[in-house]
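Visitor: This is the content of target.cif (mmCIF, C-alpha atoms):
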data_upload
#
loop_
_atom_site.label_atom_id
_atom_site.label_comp_id
_atom_site.auth_asym_id
_atom_site.auth_seq_id
_atom_site.Cartn_x
_atom_site.Cartn_y
_atom_site.Cartn_z
CA MET A 157 22.16 34.81 -52.79
CA LYS A 158 18.77 34.71 -54.49
CA GLU A 159 15.82 36.25 -52.71
CA GLU A 160 13.62 33.17 -52.88
CA TYR A 161 10.92 33.20 -50.28
CA HIS A 162 9.02 30.23 -48.96
CA ASP A 163 5.73 29.81 -47.14
CA ILE A 164 6.52 27.38 -44.37
CA PHE A 165 3.38 28.00 -42.37
CA GLU A 166 -0.20 27.10 -43.20
CA PRO A 167 -2.14 29.72 -45.21
CA GLU A 168 -4.77 29.98 -42.49
CA ASN A 169 -2.02 31.12 -40.06
CA GLN A 170 -0.92 34.07 -42.19
CA SER A 171 -2.73 36.63 -40.05
CA ASP A 172 -1.11 35.15 -36.90
CA LEU A 173 2.40 35.87 -38.13
CA PRO A 174 4.49 39.03 -38.35
CA LEU A 175 5.14 40.10 -41.94
CA THR A 176 8.76 38.87 -41.69
CA HIS A 177 7.55 35.29 -41.23
CA ASN A 178 5.48 35.40 -44.40
CA PHE A 179 8.77 35.66 -46.31
CA MET A 180 11.19 32.97 -45.13
CA LEU A 181 14.51 32.48 -46.87
CA ARG A 182 15.83 28.96 -47.28
CA ARG A 183 19.32 27.52 -47.13
CA LEU A 184 20.62 24.00 -47.24
CA LYS A 185 21.66 23.02 -43.72
CA ILE A 186 25.00 21.72 -45.01
CA LYS A 187 25.72 25.18 -46.47
CA LEU A 188 24.93 26.79 -43.11
CA ALA A 189 27.17 24.31 -41.36
CA GLU A 190 29.99 25.17 -43.76
CA MET A 191 29.59 28.81 -42.93
CA ARG A 192 29.41 28.32 -39.19
CA LEU A 193 31.92 25.63 -38.36
CA LYS A 194 35.62 26.24 -38.69
CA ASP A 195 36.42 22.58 -39.12
CA ARG A 196 34.09 22.32 -42.11
CA PHE A 197 35.95 25.04 -43.97
CA SER A 198 38.58 22.69 -45.31
CA GLU A 199 35.91 20.27 -46.55
CA SER A 200 33.99 22.89 -48.48
CA LYS A 201 34.86 22.81 -52.20
CA ASP A 202 33.23 26.21 -52.68
CA HIS A 203 35.64 27.75 -50.21
CA GLN A 204 38.67 26.22 -51.89
CA THR A 205 38.11 27.49 -55.43
CA GLU A 206 40.72 29.72 -57.02
CA SER A 207 38.41 32.71 -57.42
CA TYR A 208 37.15 32.53 -53.82
CA LEU A 209 40.67 32.27 -52.40
CA GLN A 210 41.97 35.11 -54.56
CA LYS A 211 39.07 37.37 -53.62
CA ASN A 212 39.35 36.63 -49.94
CA ASN A 213 43.13 36.56 -49.64
CA HIS A 214 43.19 33.13 -48.10
CA LYS A 215 45.72 30.40 -48.48
CA PRO A 216 44.37 27.04 -49.72
CA ILE A 217 44.11 24.35 -47.08
CA ASN A 218 43.76 21.29 -49.26
CA GLY A 219 44.94 22.57 -52.61
CA ILE A 220 43.20 24.80 -55.12
CA ASN A 221 40.00 23.55 -56.68
CA LYS A 222 39.72 24.81 -60.24
CA GLY A 223 35.92 24.55 -60.14
CA GLU A 224 35.22 28.30 -60.57
CA MET B 5 42.79 38.78 -15.06
CA ILE B 6 40.46 38.91 -18.04
CA LEU B 7 37.25 36.97 -17.57
CA LEU B 8 35.81 35.87 -20.89
CA LEU B 9 32.09 35.06 -20.76
CA GLY B 10 31.65 33.04 -23.93
CA SER B 11 29.98 30.10 -25.61
CA SER B 12 31.07 26.48 -25.39
CA GLY B 13 31.72 25.76 -29.06
CA PHE B 14 33.77 27.60 -31.69
CA GLU B 15 32.58 31.16 -32.08
CA GLN B 16 34.05 33.05 -35.01
CA GLY B 17 34.32 36.36 -33.18
CA THR B 18 35.74 34.91 -29.96
CA ASP B 19 38.30 32.28 -30.86
CA PRO B 20 40.59 34.48 -32.99
CA VAL B 21 40.83 36.90 -30.04
CA ILE B 22 41.67 33.99 -27.74
CA ASP B 23 44.48 33.08 -30.15
CA TRP B 24 45.98 36.53 -29.56
CA LEU B 25 45.46 36.38 -25.80
CA LEU B 26 47.39 33.12 -25.85
CA GLN B 27 50.07 34.65 -28.06
CA TYR B 28 50.47 37.53 -25.59
CA GLN B 29 50.32 35.09 -22.64
CA ALA B 30 47.54 37.18 -21.15
CA ASP B 31 46.04 36.17 -17.84
CA PHE B 32 42.53 35.12 -18.81
CA VAL B 33 39.92 32.49 -18.14
CA LYS B 34 36.83 31.55 -20.16
CA LEU B 35 33.56 30.77 -18.40
CA THR B 36 30.50 29.38 -20.19
CA VAL B 37 26.93 28.65 -19.18
CA ALA B 38 27.74 24.95 -19.52
CA ASP B 39 30.48 25.39 -16.87
CA ILE B 40 27.91 26.81 -14.48
CA ALA B 41 25.39 24.03 -15.22
CA LYS B 42 28.12 21.44 -14.54
CA GLY B 43 28.78 22.93 -11.10
CA HIS B 44 32.19 24.47 -11.80
CA LEU B 45 31.15 27.81 -10.29
CA GLN B 46 30.75 28.26 -6.53
CA VAL B 47 29.19 31.44 -5.20
CA ASP B 48 29.89 32.56 -1.61
CA LEU B 49 27.49 35.37 -0.78
CA GLN B 50 28.88 35.83 2.71
CA ASN B 51 32.29 36.72 1.33
CA ARG B 52 30.92 38.26 -1.88
CA GLU B 53 33.09 35.97 -3.97
CA ALA B 54 32.60 33.49 -6.81
CA TYR B 55 35.07 30.69 -7.52
CA PHE B 56 35.50 29.15 -10.95
CA LYS B 57 37.65 26.00 -10.74
CA GLY B 58 39.12 27.48 -7.57
CA ILE B 59 39.91 30.90 -9.07
CA PRO B 60 38.40 33.79 -7.05
CA LEU B 61 36.74 35.79 -9.81
CA VAL B 62 35.89 38.94 -7.85
CA ALA B 63 39.39 39.27 -6.39
CA LYS B 64 41.26 38.48 -9.57
CA THR B 65 39.17 39.92 -12.42
CA ASN B 66 39.70 43.44 -13.75
CA THR B 67 38.20 43.16 -17.22
CA ILE B 68 35.26 41.12 -18.46
CA TRP B 69 34.69 40.38 -22.13
CA TYR B 70 31.15 39.23 -22.86
CA ARG B 71 30.55 37.39 -26.09
CA HIS B 72 27.51 35.18 -26.87
CA PHE B 73 27.41 33.94 -23.29
CA LEU B 74 23.68 33.71 -22.53
CA ASN B 75 23.00 31.78 -25.78
CA GLY B 76 24.08 28.73 -23.81
CA LEU B 77 21.02 28.93 -21.55
CA SER B 78 18.68 27.35 -24.09
CA ARG B 79 21.00 24.33 -24.32
CA ILE B 80 20.53 23.42 -20.68
CA LYS B 81 18.31 20.38 -20.99
CA VAL B 82 17.91 17.13 -19.16
CA GLU B 83 16.30 14.05 -20.60
CA VAL B 84 13.49 13.04 -18.32
CA LYS B 85 10.47 10.97 -19.13
CA ARG B 86 7.96 13.40 -17.69
CA PHE B 87 7.58 17.19 -17.23
CA ARG B 88 10.54 17.84 -19.51
CA GLN B 89 9.48 21.30 -20.72
CA GLN B 90 8.78 22.73 -17.26
CA LEU B 91 11.85 21.11 -15.71
CA ASN B 92 14.18 22.49 -18.37
CA LYS B 93 12.59 25.91 -17.93
CA ASP B 94 13.26 25.69 -14.19
CA LEU B 95 16.89 24.62 -14.66
CA GLN B 96 17.55 27.43 -17.13
CA ALA B 97 16.04 29.90 -14.68
CA GLU B 98 18.29 28.59 -11.89
CA VAL B 99 21.40 29.14 -14.00
CA LYS B 100 20.14 32.56 -15.09
CA GLY B 101 19.69 33.52 -11.44
CA THR B 102 23.27 32.44 -10.70
CA ILE B 103 24.53 34.50 -13.64
CA GLU B 104 22.64 37.54 -12.39
CA VAL B 105 24.28 37.40 -8.97
CA LEU B 106 27.68 36.82 -10.57
CA ALA B 107 27.14 39.92 -12.72
CA TYR B 108 26.20 41.84 -9.59
CA LEU B 109 29.36 40.73 -7.77
CA LEU B 110 31.42 41.83 -10.78
CA LYS B 111 29.53 45.05 -11.48
CA ASP B 112 32.43 47.37 -10.72
CA LYS B 113 34.81 45.69 -13.15
CA THR B 114 35.44 46.92 -16.71
CA TRP B 115 32.86 45.24 -18.94
CA VAL B 116 33.47 44.98 -22.68
CA PRO B 117 31.37 45.74 -24.71
CA GLY B 118 29.36 46.92 -21.74
CA PRO B 119 27.47 45.80 -18.62
CA ILE B 120 25.30 42.72 -19.13
CA THR B 121 22.19 44.93 -19.15
CA SER B 122 23.54 46.80 -22.21
CA ILE B 123 24.36 43.74 -24.32
CA HIS B 124 20.92 43.28 -25.88
CA PRO B 125 19.49 46.78 -26.26
CA ASN B 126 16.02 47.23 -27.66
CA LYS B 127 16.42 48.11 -31.35
CA LEU B 128 13.70 50.73 -31.37
CA GLU B 129 14.91 52.39 -28.18
CA VAL B 130 18.36 52.56 -29.78
CA LEU B 131 16.85 54.26 -32.84
CA LEU B 132 15.27 56.91 -30.63
CA LYS B 133 18.54 57.47 -28.76
CA ALA B 134 20.38 57.68 -32.08
CA GLN B 135 17.97 60.38 -33.20
CA THR B 136 18.61 62.28 -29.95
CA ALA B 137 22.34 61.98 -30.67
CA ASP B 138 21.71 63.70 -34.05
CA LEU B 139 21.89 60.60 -36.22
CA GLN B 140 19.34 60.23 -38.99
CA ILE B 141 17.10 57.15 -38.74
CA PRO B 142 14.49 55.61 -41.07
CA SER B 143 10.87 56.44 -40.22
CA SER B 144 9.44 53.49 -38.34
CA ILE B 145 6.09 52.19 -37.17
CA ILE B 146 4.81 49.02 -35.55
CA SER B 147 1.54 48.01 -37.14
CA SER B 148 -0.75 45.02 -37.51
CA SER B 149 -2.93 46.49 -40.26
CA ARG B 150 -2.45 45.98 -43.99
CA GLU B 151 -4.24 49.27 -44.73
CA GLU B 152 -1.98 51.16 -42.37
CA ALA B 153 1.07 49.49 -43.90
CA ILE B 154 -0.07 50.46 -47.41
CA GLU B 155 -0.62 54.09 -46.36
CA PHE B 156 2.84 54.13 -44.76
CA CYS B 157 4.28 52.66 -47.95
CA LYS B 158 2.56 55.22 -50.17
CA ALA B 159 4.00 58.02 -48.07
CA SER B 160 7.54 56.56 -48.21
CA PRO B 161 10.20 57.54 -50.76
CA TYR B 162 10.28 55.02 -53.62
CA GLN B 163 6.87 53.79 -52.33
CA THR B 164 8.80 50.98 -50.70
CA ILE B 165 9.16 49.95 -47.08
CA THR B 166 11.02 47.22 -45.22
CA THR B 167 10.04 44.88 -42.44
CA LYS B 168 12.41 43.18 -40.02
CA GLN B 169 12.15 41.52 -36.63
CA ILE B 170 11.84 43.85 -33.68
CA SER B 171 13.94 41.61 -31.49
CA ASP B 172 16.81 39.20 -32.21
CA GLU B 173 16.46 37.54 -28.81
CA GLY B 174 16.16 33.78 -29.18
CA ARG B 175 16.20 34.15 -32.94
CA ASN B 176 17.16 30.95 -34.70
CA TYR B 177 16.68 28.89 -37.84
CA TYR B 178 13.54 26.87 -38.51
CA GLN B 179 14.91 23.46 -39.42
CA ASP B 180 13.05 21.08 -41.67
CA GLY B 181 14.82 18.09 -43.17
CA ASP B 182 17.79 19.24 -45.25
CA TYR B 183 16.76 22.88 -45.10
CA ALA B 184 16.89 25.72 -42.65
CA TYR B 185 14.56 28.72 -42.93
CA TYR B 186 15.13 32.18 -41.52
CA THR B 187 14.05 35.78 -41.83
CA LEU B 188 16.05 38.79 -42.96
CA THR B 189 15.01 42.36 -43.68
CA LYS B 190 12.38 42.21 -46.42
CA LYS B 191 11.58 44.97 -48.88
CA LEU B 192 7.86 45.45 -49.49
CA THR B 193 6.05 47.26 -52.28
CA ILE B 194 2.39 48.24 -52.31
CA GLN B 195 1.66 45.28 -54.56
CA GLU B 196 3.24 42.82 -52.11
CA LEU B 197 1.37 44.39 -49.19
CA GLU B 198 -1.94 44.09 -51.03
CA ALA B 199 -1.33 40.32 -51.20
CA CYS B 200 -0.89 40.08 -47.39
CA SER B 201 -3.71 39.31 -44.98
CA SER B 202 -5.73 42.32 -43.82
CA ASN B 203 -4.32 41.93 -40.33
CA PHE B 204 -1.10 40.39 -39.12
CA PHE B 205 0.98 40.00 -35.97
CA PRO B 206 2.47 43.38 -34.90
CA SER B 207 5.34 44.04 -37.29
CA LEU B 208 8.08 46.64 -37.53
CA LEU B 209 7.87 48.64 -40.74
CA GLN B 210 10.45 51.19 -41.88
CA THR B 211 10.85 53.45 -44.89
CA TYR B 212 13.25 51.95 -47.39
CA VAL B 213 16.57 53.75 -47.62
CA TYR B 214 17.91 53.20 -51.13
CA PRO B 215 21.61 52.53 -50.53
CA ASP B 216 24.45 54.02 -52.48
CA TYR B 217 26.43 51.74 -50.21
CA GLU B 218 26.33 50.43 -46.65
CA VAL B 219 28.89 51.08 -43.94
CA ARG B 220 29.63 48.61 -41.17
CA SER B 221 31.70 50.15 -38.44
CA PHE B 222 33.39 48.33 -35.60
CA TYR B 223 33.58 50.71 -32.64
CA LEU B 224 36.14 50.16 -29.90
CA ASP B 225 36.40 52.70 -27.11
CA GLY B 226 36.03 55.77 -29.32
CA GLN B 227 37.86 54.37 -32.35
CA PHE B 228 36.08 53.46 -35.60
CA TYR B 229 37.12 50.70 -38.00
CA SER B 230 34.72 51.17 -40.88
CA THR B 231 34.05 49.21 -44.03
CA ALA B 232 32.04 50.38 -47.02
CA ILE B 233 30.18 47.52 -48.66
CA VAL B 234 29.74 48.50 -52.28
CA ASN B 235 27.78 46.49 -54.78
CA ASN B 236 28.59 47.14 -58.45
CA LYS B 237 25.22 46.01 -59.65
CA GLN B 238 23.53 48.84 -57.71
CA THR B 239 20.33 46.85 -57.39
CA ALA B 240 17.94 47.74 -54.61
CA TYR B 241 18.54 44.78 -52.31
CA SER B 242 16.72 44.42 -49.03
CA ASP B 243 19.39 42.91 -46.78
CA ARG B 244 23.16 43.13 -47.16
CA LYS B 245 23.60 39.52 -46.12
CA LEU B 246 22.05 38.55 -49.46
CA ILE B 247 24.88 40.17 -51.43
CA ASN B 248 27.91 39.53 -49.19
CA ASP B 249 29.08 36.56 -51.24
CA GLU B 250 28.60 38.09 -54.68
CA ASP B 251 31.62 38.90 -56.83
CA SER B 252 30.08 42.31 -57.49
CA THR B 253 30.26 43.17 -53.76
CA HIS B 254 33.41 44.87 -52.53
CA PHE B 255 34.58 45.62 -49.01
CA LEU B 256 36.58 48.82 -48.75
CA PRO B 257 38.27 50.53 -45.78
CA TYR B 258 36.24 53.63 -45.07
CA GLN B 259 36.17 56.66 -42.83
CA LEU B 260 32.85 57.95 -41.57
CA PRO B 261 32.49 61.75 -41.60
CA ASN B 262 33.53 63.44 -38.33
CA ALA B 263 29.99 64.56 -37.58
CA ILE B 264 28.73 60.96 -37.81
CA GLN B 265 31.60 59.72 -35.64
CA MET B 266 30.90 62.35 -32.98
CA ALA B 267 27.18 61.58 -32.94
CA THR B 268 27.92 57.85 -32.74
CA ARG B 269 30.28 58.30 -29.80
CA LYS B 270 27.51 60.20 -28.04
CA LEU B 271 25.10 57.34 -28.79
CA MET B 272 27.49 54.65 -27.53
CA GLU B 273 28.02 56.59 -24.29
CA GLU B 274 24.29 56.89 -23.85
CA LEU B 275 23.97 53.11 -24.41
CA ASP B 276 26.82 52.45 -21.94
CA LEU B 277 28.74 50.54 -24.61
CA ARG B 278 32.45 50.72 -25.28
CA ALA B 279 32.36 48.35 -28.26
CA GLY B 280 29.96 47.15 -30.94
CA CYS B 281 29.20 46.79 -34.63
CA LEU B 282 27.19 49.64 -36.12
CA ASP B 283 25.32 49.58 -39.41
CA PHE B 284 24.73 52.66 -41.55
CA ILE B 285 23.39 53.25 -45.03
CA ARG B 286 24.70 56.09 -47.16
CA ASP B 287 21.88 56.92 -49.51
CA ARG B 288 22.09 58.33 -52.99
CA SER B 289 21.97 61.91 -51.75
CA GLY B 290 24.95 61.34 -49.46
CA ALA B 291 22.92 61.23 -46.24
CA TYR B 292 23.86 58.64 -43.60
CA TYR B 293 21.13 56.65 -41.92
CA PHE B 294 21.83 54.75 -38.70
CA LEU B 295 20.19 51.31 -38.67
CA GLU B 296 21.31 49.45 -35.59
CA VAL B 297 24.11 48.52 -33.24
CA ASN B 298 25.01 44.99 -32.22
CA PRO B 299 27.29 45.01 -29.17
CA ILE B 300 28.36 41.43 -29.89
CA GLY B 301 28.10 41.53 -33.67
CA GLN B 302 30.37 39.71 -36.09
CA TYR B 303 33.33 41.68 -37.40
CA LEU B 304 35.64 39.16 -39.07
CA LEU B 305 34.35 39.49 -42.64
CA GLU B 306 34.96 43.23 -42.78
CA SER B 307 38.15 43.00 -40.72
CA ARG B 308 39.73 40.43 -43.03
CA ASN B 309 38.73 42.23 -46.21
CA CYS B 310 40.15 45.53 -44.93
CA ASN B 311 43.14 44.08 -43.05
CA TYR B 312 42.04 45.67 -39.81
CA TYR B 313 43.12 42.69 -37.65
CA LEU B 314 40.36 43.54 -35.22
CA GLU B 315 40.83 40.31 -33.33
CA LYS B 316 44.35 41.50 -32.44
CA LYS B 317 43.11 44.96 -31.50
CA ILE B 318 40.40 43.53 -29.27
CA ALA B 319 42.91 41.31 -27.49
CA GLU B 320 45.29 44.23 -26.99
CA TYR B 321 42.46 46.39 -25.68
CA LEU B 322 41.38 43.73 -23.19
CA ILE B 323 44.96 43.36 -21.99
CA SER B 324 45.46 47.12 -21.65
CA THR B 325 42.29 47.53 -19.60
CA ASP B 326 43.16 44.58 -17.41
CA ASN B 327 46.01 46.43 -15.63
CA ALA B 328 47.90 43.20 -15.45
CA PRO B 329 51.63 43.30 -16.30
CA SER B 330 52.04 42.47 -19.97
CA LYS B 331 53.86 39.22 -20.64
CA LYS B 332 54.23 39.97 -24.35
CA THR B 333 56.96 38.03 -26.08
CA THR B 334 58.92 39.64 -28.90
CA ASN B 335 57.96 38.32 -32.33
CA VAL B 336 57.28 39.65 -35.84
CA LEU B 337 53.52 39.73 -35.30
CA SER B 338 53.64 42.15 -32.38
CA SER B 339 55.09 44.88 -34.60
CA SER B 340 52.22 44.77 -37.16
#
Could you take the file, read its structure, and then write that structure out as C-alpha cells?
Guide:
Amino acid sequence: MKEEYHDIFEPENQSDLPLTHNFMLRRLKIKLAEMRLKDRFSESKDHQTESYLQKNNHKPINGINKGE
Amino acid sequence: MILLLGSSGFEQGTDPVIDWLLQYQADFVKLTVADIAKGHLQVDLQNREAYFKGIPLVAKTNTIWYRHFLNGLSRIKVEVKRFRQQLNKDLQAEVKGTIEVLAYLLKDKTWVPGPITSIHPNKLEVLLKAQTADLQIPSSIISSSREEAIEFCKASPYQTITTKQISDEGRNYYQDGDYAYYTLTKKLTIQELEACSSNFFPSLLQTYVYPDYEVRSFYLDGQFYSTAIVNNKQTAYSDRKLINDEDSTHFLPYQLPNAIQMATRKLMEELDLRAGCLDFIRDRSGAYYFLEVNPIGQYLLESRNCNYYLEKKIAEYLISTDNAPSKKTTNVLSSS
C-alpha cells in the first residue's frame, strides 16, 4: 500500500495535533469494508483473482477471476 | 463452562474459534455488551451471582475468554431529542459499572488472555517491563517540541525516528464521504521534522529500527507460534501493515531464539497475560527489538500463511482449562 499522507485538519490546528495526526493515511471505505466483513469477501473481485488465491491458499468462492 | 466475552458482530479472531468450540461441542456461552444493555444479565449481589439468560455465570464458569468485549460500550446510544451526549455517556457508564462488578464476581476464574485489567496495558509501561525482562527496546521519548524531536532524530541511528500513538484506546477511523483516514507508525527524517510546527501535541517518538525482517509471535500459555514477515524489496518501511498485501512480502514459520522466548515468558508473567500477539523487529545486525504486545491482537493472517491453525489451538486450550468433560466427536479434523 502506498504511503500517501493527507492533511485532513486545518493548517492552523497543526500545533494542536500529535505528530501522528499530521500524517493520515487514506483508504476507500469500501476497501475497508471488504477487509473487515466476512460476507463481503465473496463480492470482492480483488480477493478472487488467481494470484491472490494461489498466494493465500484459498479456494475460490465464486470462481476464479483472471484479472491479475 | 467457557464464558466468551465478545463483540456483537463478526470478529475475525473470535468466530473461527467459536467454529471449533461448536465442532468439539464445548460448553460455552457468548456474552456481549449489547446483551447487558438489553437487560439479559441479572446481577444478584446478595448471592454473589450473575445470571445470563438464566445461566448462573459464577457457578458454572471455569474459563473466560475475553475478546474485543468493551468495544461495544461506545455503541450504546439512544436517540433522544435533547441531552443526547450526556445521556449516552451516562448509559455507557452504567453498563461499564455492571461489567466491573461482573468481572469482580468472576475474578477467581481462569481469564484468557488475562484479567480484564491486563487486557489494555499501557504501551510504554510494557516497554519498561520488557526492558526489565532483558528484552531490547527502541529508545523512546514523549515530546511536544520540534527542536527536541530534531535533536533526538540526529542522535538516532540512520538519523530517522518514528512516531506512533501512545494509546490505541478508542482508536478508530476518521470517516469522510467515501474515504476513511487513520494513523499508523510514521517514519520521520530531520527534513520532515523541520516542516512540522515548532510545537505539537505530546507525541511518542522512537528511534527507527531498520528491519531485516519483523517477527509476529502468537503466545499461548508459554508456547510461541512465530511468523517472520520478510519483504524482498528490503525498503525501509515505517509500518508492516503497509506491506502485508504486497507480493514481495512473505510469511514464514519462524522460531525465536531461546533467550528471546525466555525473556518474553518473563514479560508475559509480569503482565499477568497467558496469551497475546507480540511484535519484534530483527535488525540488520541480528538484534531483536521488542515493540509491543496486544493481548487481543489479530492472528489469522500469520496463522493461515504458516498453517498454525491457531483458532483450533485456542479452542482446545479453552476447553482444556475449562475442566469440563470433553464431548469431542471423532472426525478427521481432530487428528490434525
Visitor: Given only C-alpha atoms as the basis, pick out the residue of B:Thr36, B:Thr167, B:Gln89, B:Asn309 nearest to Ile233 in chain B.
Guide: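 Nearest candidate to Ile233 in chain B out of B:Thr36, B:Thr167, B:Gln89, B:Asn309: B:Asn309.
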Visitor: One decimal, Å: what's the distance from CA of Lys127 in chain B over to CA of Lys237 in chain B, could you say?
Guide: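 Distance between the two atoms: 29.7 Å.
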Visitor: Please report the interatomic distance between CA of Tyr161 in chain A and CA of Asn178 in chain A in Å with one decimal.
Guide: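 Atom-to-atom, CA of Tyr161 in chain A to CA of Asn178 in chain A, that is 8.3 Å.
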Visitor: Please check the contacts: residues of chain A at most 6 Å away from chain B, using all atoms listed in the file, listed as number ranges by chain.
Guide: A: 157, 171-174, 176, 180-185
Visitor: Report, in Å with one decimal, the straight-line distance from CA of Ile318 in chain B to CA of Cys281 in chain B.
Guide: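 Straight-line distance from CA of Ile318 in chain B to CA of Cys281 in chain B works out to 12.8 Å.
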Visitor: Mind giving me the axis-aligned box for range 187-204 of chain B with 5 Å on every side, centre plus edges in Å to one decimal, as JSON?
Guide:
{"center_x": 5.2, "center_y": 42.0, "center_z": -46.8, "size_x": 31.8, "size_y": 22.5, "size_z": 25.4}
Visitor: Find the spatial neighbours of Asn75 in chain B, counting only C-alpha atoms, within a cut-off of 12 Å - ignore same-chain residues fewer than 3 positions away - and output them as number ranges by chain.
Guide: B: 9-13, 15, 36-38, 70-72, 78-80, 96, 100, 124, 172-176, 300
Visitor: Tell me which protein, DNA and RNA residues are within 10 Å of Tyr258 in chain B, counting all atoms listed in the file, leaving out same-chain ones fewer than 5 positions away, and put them as a list in words.
Guide: Val219, Arg220, Ser221, Phe228, Tyr229, Ser230, Thr231, Ala232, Ile233 and Cys310 of chain B
Visitor: Quick one: residues within 12 Å of Ala97 in chain B, all atoms listed in the file, excluding same-chain residues fewer than 4 positions away - as a list in words?
Guide: Val37, Ala41, Leu74, Leu77, Ser78, Ile80, Lys81, Gln90, Leu91, Asn92, Lys93, Gly101, Thr102, Ile103 and Glu104 of chain B
